[in-house]
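This is structure.pdb. It holds PDB, C-alpha atoms, pLDDT in the B column.
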ATOM      1  CA  MET A  21      28.406  56.411  24.391  1.00 63.00           C
ATOM      2  CA  LYS A  22      25.827  53.669  24.072  1.00 73.00           C
ATOM      3  CA  LYS A  23      25.159  51.444  27.058  1.00 74.00           C
ATOM      4  CA  SER A  24      26.323  48.380  25.128  1.00 76.00           C
ATOM      5  CA  HIS A  25      29.696  50.018  24.409  1.00 77.00           C
ATOM      6  CA  VAL A  26      30.126  51.018  28.050  1.00 79.00           C
ATOM      7  CA  LEU A  27      29.261  47.478  29.109  1.00 83.00           C
ATOM      8  CA  LEU A  28      31.753  45.971  26.647  1.00 84.00           C
ATOM      9  CA  VAL A  29      34.507  48.311  27.803  1.00 82.00           C
ATOM     10  CA  PHE A  30      33.627  47.588  31.434  1.00 83.00           C
ATOM     11  CA  ILE A  31      33.799  43.826  30.909  1.00 87.00           C
ATOM     12  CA  PHE A  32      36.943  43.714  28.775  1.00 87.00           C
ATOM     13  CA  LEU A  33      38.915  46.612  30.239  1.00 83.00           C
ATOM     14  CA  LEU A  34      37.950  46.372  33.913  1.00 85.00           C
ATOM     15  CA  LEU A  35      36.122  43.232  35.032  1.00 88.00           C
ATOM     16  CA  ILE A  36      38.133  40.494  33.303  1.00 91.00           C
ATOM     17  CA  PRO A  37      41.524  42.096  34.146  1.00 90.00           C
ATOM     18  CA  TYR A  38      40.329  42.537  37.749  1.00 91.00           C
ATOM     19  CA  ILE A  39      39.483  38.845  38.029  1.00 93.00           C
ATOM     20  CA  CYS A  40      42.781  37.953  36.340  1.00 93.00           C
ATOM     21  CA  SER A  41      44.630  40.156  38.840  1.00 93.00           C
ATOM     22  CA  LEU A  42      42.982  38.277  41.695  1.00 93.00           C
ATOM     23  CA  LEU A  43      44.005  34.983  40.104  1.00 94.00           C
ATOM     24  CA  ILE A  44      47.590  36.183  39.676  1.00 93.00           C
ATOM     25  CA  ILE A  45      47.683  37.155  43.348  1.00 93.00           C
ATOM     26  CA  GLY A  46      46.335  33.717  44.301  1.00 92.00           C
ATOM     27  CA  ILE A  47      48.761  31.909  42.002  1.00 92.00           C
ATOM     28  CA  GLY A  48      51.724  33.994  43.130  1.00 90.00           C
ATOM     29  CA  TYR A  49      50.920  33.489  46.780  1.00 90.00           C
ATOM     30  CA  ASN A  50      50.502  29.732  46.461  1.00 88.00           C
ATOM     31  CA  ALA A  51      53.639  29.419  44.323  1.00 88.00           C
ATOM     32  CA  LEU A  52      55.867  31.418  46.667  1.00 86.00           C
ATOM     33  CA  VAL A  53      54.683  30.573  50.171  1.00 83.00           C
ATOM     34  CA  LEU A  54      55.643  27.324  51.841  1.00 75.00           C
ATOM     35  CA  HIS A  55      52.704  25.959  53.885  1.00 78.00           C
ATOM     36  CA  SER A  56      50.326  28.258  52.022  1.00 77.00           C
ATOM     37  CA  ALA A  57      47.276  26.716  53.708  1.00 80.00           C
ATOM     38  CA  ASP A  58      48.260  28.298  57.050  1.00 86.00           C
ATOM     39  CA  ILE A  59      45.561  30.863  57.908  1.00 89.00           C
ATOM     40  CA  PHE A  60      47.998  33.481  59.249  1.00 90.00           C
ATOM     41  CA  ARG A  61      50.087  33.327  56.074  1.00 89.00           C
ATOM     42  CA  THR A  62      46.947  33.480  53.959  1.00 90.00           C
ATOM     43  CA  ILE A  63      45.816  36.622  55.809  1.00 92.00           C
ATOM     44  CA  ILE A  64      49.219  38.297  55.302  1.00 91.00           C
ATOM     45  CA  GLY A  65      49.193  37.323  51.611  1.00 90.00           C
ATOM     46  CA  ALA A  66      45.658  38.680  51.204  1.00 93.00           C
ATOM     47  CA  LEU A  67      46.640  41.934  52.929  1.00 94.00           C
ATOM     48  CA  VAL A  68      49.517  42.409  50.498  1.00 93.00           C
ATOM     49  CA  GLY A  69      47.237  41.402  47.626  1.00 93.00           C
ATOM     50  CA  SER A  70      44.578  43.942  48.619  1.00 94.00           C
ATOM     51  CA  LEU A  71      47.207  46.698  48.644  1.00 92.00           C
ATOM     52  CA  VAL A  72      48.329  45.589  45.175  1.00 91.00           C
ATOM     53  CA  MET A  73      44.699  45.716  44.000  1.00 91.00           C
ATOM     54  CA  PHE A  74      44.405  49.241  45.400  1.00 89.00           C
ATOM     55  CA  GLY A  75      47.465  50.227  43.356  1.00 87.00           C
ATOM     56  CA  ILE A  76      45.963  48.648  40.246  1.00 85.00           C
ATOM     57  CA  LYS A  77      42.760  50.609  40.767  1.00 85.00           C
ATOM     58  CA  ALA A  78      44.805  53.824  40.978  1.00 82.00           C
ATOM     59  CA  THR A  79      46.222  53.202  37.506  1.00 81.00           C
ATOM     60  CA  ILE A  80      42.797  52.706  35.911  1.00 80.00           C
ATOM     61  CA  GLN A  81      41.187  55.735  37.551  1.00 80.00           C
ATOM     62  CA  ARG A  82      41.041  57.881  34.404  1.00 78.00           C
ATOM     63  CA  PRO A  83      39.241  55.304  32.199  1.00 76.00           C
ATOM     64  CA  VAL A  84      36.822  54.601  35.056  1.00 80.00           C
ATOM     65  CA  ASP A  85      35.994  58.294  35.399  1.00 79.00           C
ATOM     66  CA  LEU A  86      35.549  58.672  31.629  1.00 77.00           C
ATOM     67  CA  LEU A  87      33.245  55.662  31.449  1.00 79.00           C
ATOM     68  CA  ALA A  88      31.191  56.888  34.410  1.00 79.00           C
ATOM     69  CA  MET A  89      30.698  60.253  32.695  1.00 79.00           C
ATOM     70  CA  GLU A  90      29.561  58.532  29.484  1.00 77.00           C
ATOM     71  CA  THR A  91      26.747  56.425  30.957  1.00 81.00           C
ATOM     72  CA  ASN A  92      23.320  57.337  32.248  1.00 83.00           C
ATOM     73  CA  ASP A  93      22.517  53.888  33.651  1.00 82.00           C
ATOM     74  CA  ASP A  94      22.594  54.039  37.478  1.00 84.00           C
ATOM     75  CA  PHE A  95      23.428  50.349  37.946  1.00 84.00           C
ATOM     76  CA  LEU A  96      26.383  50.590  35.574  1.00 83.00           C
ATOM     77  CA  LYS A  97      27.570  53.760  37.309  1.00 82.00           C
ATOM     78  CA  GLN A  98      27.572  51.896  40.630  1.00 80.00           C
ATOM     79  CA  LEU A  99      29.575  49.043  39.079  1.00 79.00           C
ATOM     80  CA  LEU A 100      32.095  51.578  37.801  1.00 80.00           C
ATOM     81  CA  ARG A 101      32.263  53.253  41.195  1.00 78.00           C
ATOM     82  CA  PHE A 102      33.475  49.943  42.637  1.00 77.00           C
ATOM     83  CA  PHE A 103      36.743  50.511  40.752  1.00 77.00           C
ATOM     84  CA  SER A 104      36.978  54.159  41.791  1.00 79.00           C
ATOM     85  CA  ILE A 105      39.382  55.192  44.531  1.00 78.00           C
ATOM     86  CA  ARG A 106      38.159  58.794  44.564  1.00 77.00           C
ATOM     87  CA  ARG A 107      35.495  58.264  47.178  1.00 74.00           C
ATOM     88  CA  ARG A 108      34.771  58.912  50.804  1.00 78.00           C
ATOM     89  CA  TYR A 109      37.133  57.208  53.231  1.00 84.00           C
ATOM     90  CA  PHE A 110      34.472  54.791  54.439  1.00 85.00           C
ATOM     91  CA  PHE A 111      33.840  53.466  50.918  1.00 82.00           C
ATOM     92  CA  LEU A 112      37.553  53.438  50.216  1.00 85.00           C
ATOM     93  CA  ALA A 113      38.189  51.318  53.323  1.00 88.00           C
ATOM     94  CA  ALA A 114      35.246  49.060  52.444  1.00 87.00           C
ATOM     95  CA  ASN A 115      36.704  48.606  48.961  1.00 87.00           C
ATOM     96  CA  VAL A 116      40.088  47.554  50.412  1.00 90.00           C
ATOM     97  CA  VAL A 117      38.350  45.155  52.813  1.00 93.00           C
ATOM     98  CA  LEU A 118      36.376  43.656  49.923  1.00 92.00           C
ATOM     99  CA  ASP A 119      39.612  43.235  47.948  1.00 93.00           C
ATOM    100  CA  PHE A 120      41.148  41.583  51.027  1.00 96.00           C
ATOM    101  CA  VAL A 121      38.298  39.061  51.192  1.00 96.00           C
ATOM    102  CA  LEU A 122      38.467  38.444  47.436  1.00 95.00           C
ATOM    103  CA  CYS A 123      42.246  37.873  47.689  1.00 95.00           C
ATOM    104  CA  ILE A 124      41.676  35.289  50.428  1.00 95.00           C
ATOM    105  CA  LEU A 125      39.098  33.573  48.226  1.00 95.00           C
ATOM    106  CA  ALA A 126      41.454  33.707  45.234  1.00 94.00           C
ATOM    107  CA  THR A 127      44.262  32.002  47.142  1.00 93.00           C
ATOM    108  CA  ILE A 128      41.908  29.307  48.413  1.00 93.00           C
ATOM    109  CA  ILE A 129      40.290  28.734  45.005  1.00 94.00           C
ATOM    110  CA  VAL A 130      43.659  28.498  43.242  1.00 93.00           C
ATOM    111  CA  ARG A 131      44.935  26.088  45.886  1.00 90.00           C
ATOM    112  CA  SER A 132      41.760  23.992  45.578  1.00 91.00           C
ATOM    113  CA  PHE A 133      41.523  23.718  41.795  1.00 93.00           C
ATOM    114  CA  LEU A 134      45.142  23.674  40.613  1.00 89.00           C
ATOM    115  CA  THR A 135      47.919  21.277  41.438  1.00 88.00           C
ATOM    116  CA  LEU A 136      51.262  22.590  42.648  1.00 86.00           C
ATOM    117  CA  ASP A 137      52.799  21.783  39.250  1.00 88.00           C
ATOM    118  CA  GLN A 138      50.125  23.872  37.516  1.00 88.00           C
ATOM    119  CA  ILE A 139      50.523  26.716  40.006  1.00 88.00           C
ATOM    120  CA  VAL A 140      54.292  26.846  39.613  1.00 87.00           C
ATOM    121  CA  GLY A 141      54.118  26.025  35.893  1.00 86.00           C
ATOM    122  CA  THR A 142      52.092  27.750  33.203  1.00 87.00           C
ATOM    123  CA  SER A 143      49.022  29.070  35.014  1.00 90.00           C
ATOM    124  CA  THR A 144      50.379  32.617  35.374  1.00 87.00           C
ATOM    125  CA  GLY A 145      51.147  32.777  31.661  1.00 89.00           C
ATOM    126  CA  PHE A 146      47.627  31.741  30.706  1.00 91.00           C
ATOM    127  CA  VAL A 147      46.071  34.281  33.059  1.00 93.00           C
ATOM    128  CA  MET A 148      48.380  37.019  31.724  1.00 91.00           C
ATOM    129  CA  LEU A 149      47.427  36.096  28.140  1.00 92.00           C
ATOM    130  CA  ILE A 150      43.723  36.336  28.993  1.00 92.00           C
ATOM    131  CA  MET A 151      44.330  39.700  30.663  1.00 91.00           C
ATOM    132  CA  LEU A 152      46.292  41.042  27.672  1.00 90.00           C
ATOM    133  CA  ILE A 153      43.689  39.965  25.125  1.00 90.00           C
ATOM    134  CA  SER A 154      40.852  41.337  27.246  1.00 90.00           C
ATOM    135  CA  THR A 155      42.577  44.678  27.778  1.00 84.00           C
ATOM    136  CA  CYS A 156      43.363  44.999  24.079  1.00 86.00           C
ATOM    137  CA  LEU A 157      39.736  44.279  23.147  1.00 85.00           C
ATOM    138  CA  GLY A 158      38.419  46.756  25.710  1.00 80.00           C
ATOM    139  CA  ALA A 159      40.775  49.490  24.565  1.00 77.00           C
ATOM    140  CA  TYR A 160      39.953  48.811  20.907  1.00 80.00           C
ATOM    141  CA  VAL A 161      36.203  49.116  21.447  1.00 75.00           C
ATOM    142  CA  GLU A 162      36.397  52.702  22.675  1.00 71.00           C
ATOM    143  CA  TYR A 163      39.942  53.966  22.222  1.00 62.00           C
ATOM    144  CA  ASP A 164      38.844  57.449  21.120  1.00 61.00           C
ATOM    145  CA  ASN A 165      36.687  58.023  24.198  1.00 60.00           C
ATOM    146  CA  LEU A 166      39.287  56.678  26.629  1.00 60.00           C
ATOM    147  CA  SER A 167      42.322  58.482  25.208  1.00 58.00           C
ATOM    148  CA  ILE A 168      43.716  61.517  26.978  1.00 57.00           C
ATOM    149  CA  ASP A 169      43.170  63.671  23.891  1.00 57.00           C
ATOM    150  CA  PRO A 170      39.992  62.411  22.157  1.00 55.00           C
ATOM    151  CA  LYS A 171      40.581  64.750  19.174  1.00 58.00           C
ATOM    152  CA  GLN A 172      43.831  62.998  18.333  1.00 50.00           C
ATOM    153  CA  HIS A 173      43.653  60.472  15.465  1.00 44.00           C
TER     154      HIS A 173
END
Translate the structure described by the file into structure tokens.
Amino acid sequence: MKKSHVLLVFIFLLLIPYICSLLIIGIGYNALVLHSADIFRTIIGALVGSLVMFGIKATIQRPVDLLAMETNDDFLKQLLRFFSIRRRYFFLAANVVLDFVLCILATIIVRSFLTLDQIVGTSTGFVMLIMLISTCLGAYVEYDNLSIDPKQH
């Protein structure tokens, strides 16, 4: 697979949905938690969010492995390895810690840029729409290479 195709699939199938997942965690936390600015509550919300992100990464493991096998670019392979949960325990723990920090940032950014009416209102729908369109585009670009049976048409 050409590097440009791998990059397109990475952006549309992994990166944009990952960012949207962080935003959904931030929106959900701020919509559901009273006194969401409390640091202890933010830490608990980020801990739950990082476990959710770990679960999301488990569901995308097969496409990540297929993309990593298709590329020869070392930098792109390292970007793909960020989404991999089949790694040594140290890197796995570091990945969860990074997700924890990103979840904290997501809750703070959502709280800073959106009003409570926007958080409780339509923001989740817009983020879900972006995620759906991005995932559809990423799957369309390289459906044959990412399917379980590539010979199937």
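Relative to atom CA of A:Asp58, atom CA of A:Cys123 is found at 14.7 Å.
Put simply, the PyMOL selection byres ((chain A and resi 36) around 12) in this file takes in Leu28, Val29, Phe30, Ile31, Phe32, Leu33, Leu34, Leu35, Pro37, Tyr38, Ile39, Cys40, Ser41, Leu42, Leu43, Val147, Met148, Leu149, Ile150, Met151, Leu152, Ile153, Ser154, Thr155, Cys156, Leu157 and Gly158 of chain A.
Going from atom CA of A:Met73 to atom CA of A:Arg107 covers 15.9 Å.
Remark: for A:Val26, the closest of the candidate residues A:Val140, A:Leu100, A:Leu122, A:Leu67 is A:Leu100 (distances computed over only C-alpha atoms).
Distance annotation: of A:Asn115, A:Ser104, A:Thr62, A:Thr127, the residue with the minimal separation from A:Thr79 is A:Ser104; atom set is all atoms listed in the file.
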List as a ChimeraX atom specification the protein and nucleic acid residues near A:Lys22, meaning an atom at most 10 Å away when all atoms listed in the file are counted, but skip any in the same chain fewer than 6 places from it.
/A:90-92
I need the output of the PyMOL selection byres ((chain A and resi 52) around 12) for this file as a list in words; which residues are they?
Ile44, Ile45, Gly46, Ile47, Gly48, Tyr49, Asn50, Ala51, Val53, Leu54, His55, Ser56, Arg61, Thr62, Gly65, Thr127, Leu136, Ile139 and Val140 of chain A
Check the smallest atom-to-atom distance from each of A:Val116, A:Leu96, A:Ala66, A:Val72 to A:Leu27 using all atoms listed in the file, then report the winner.
A:Leu96
Do you know which residues are at most 8 Å from A:Phe74 counting all atoms listed in the file, after dropping those on the same chain fewer than 4 positions away, and could you put them as an MDAnalysis selection string?
chainID A and resid 70 78 105 116
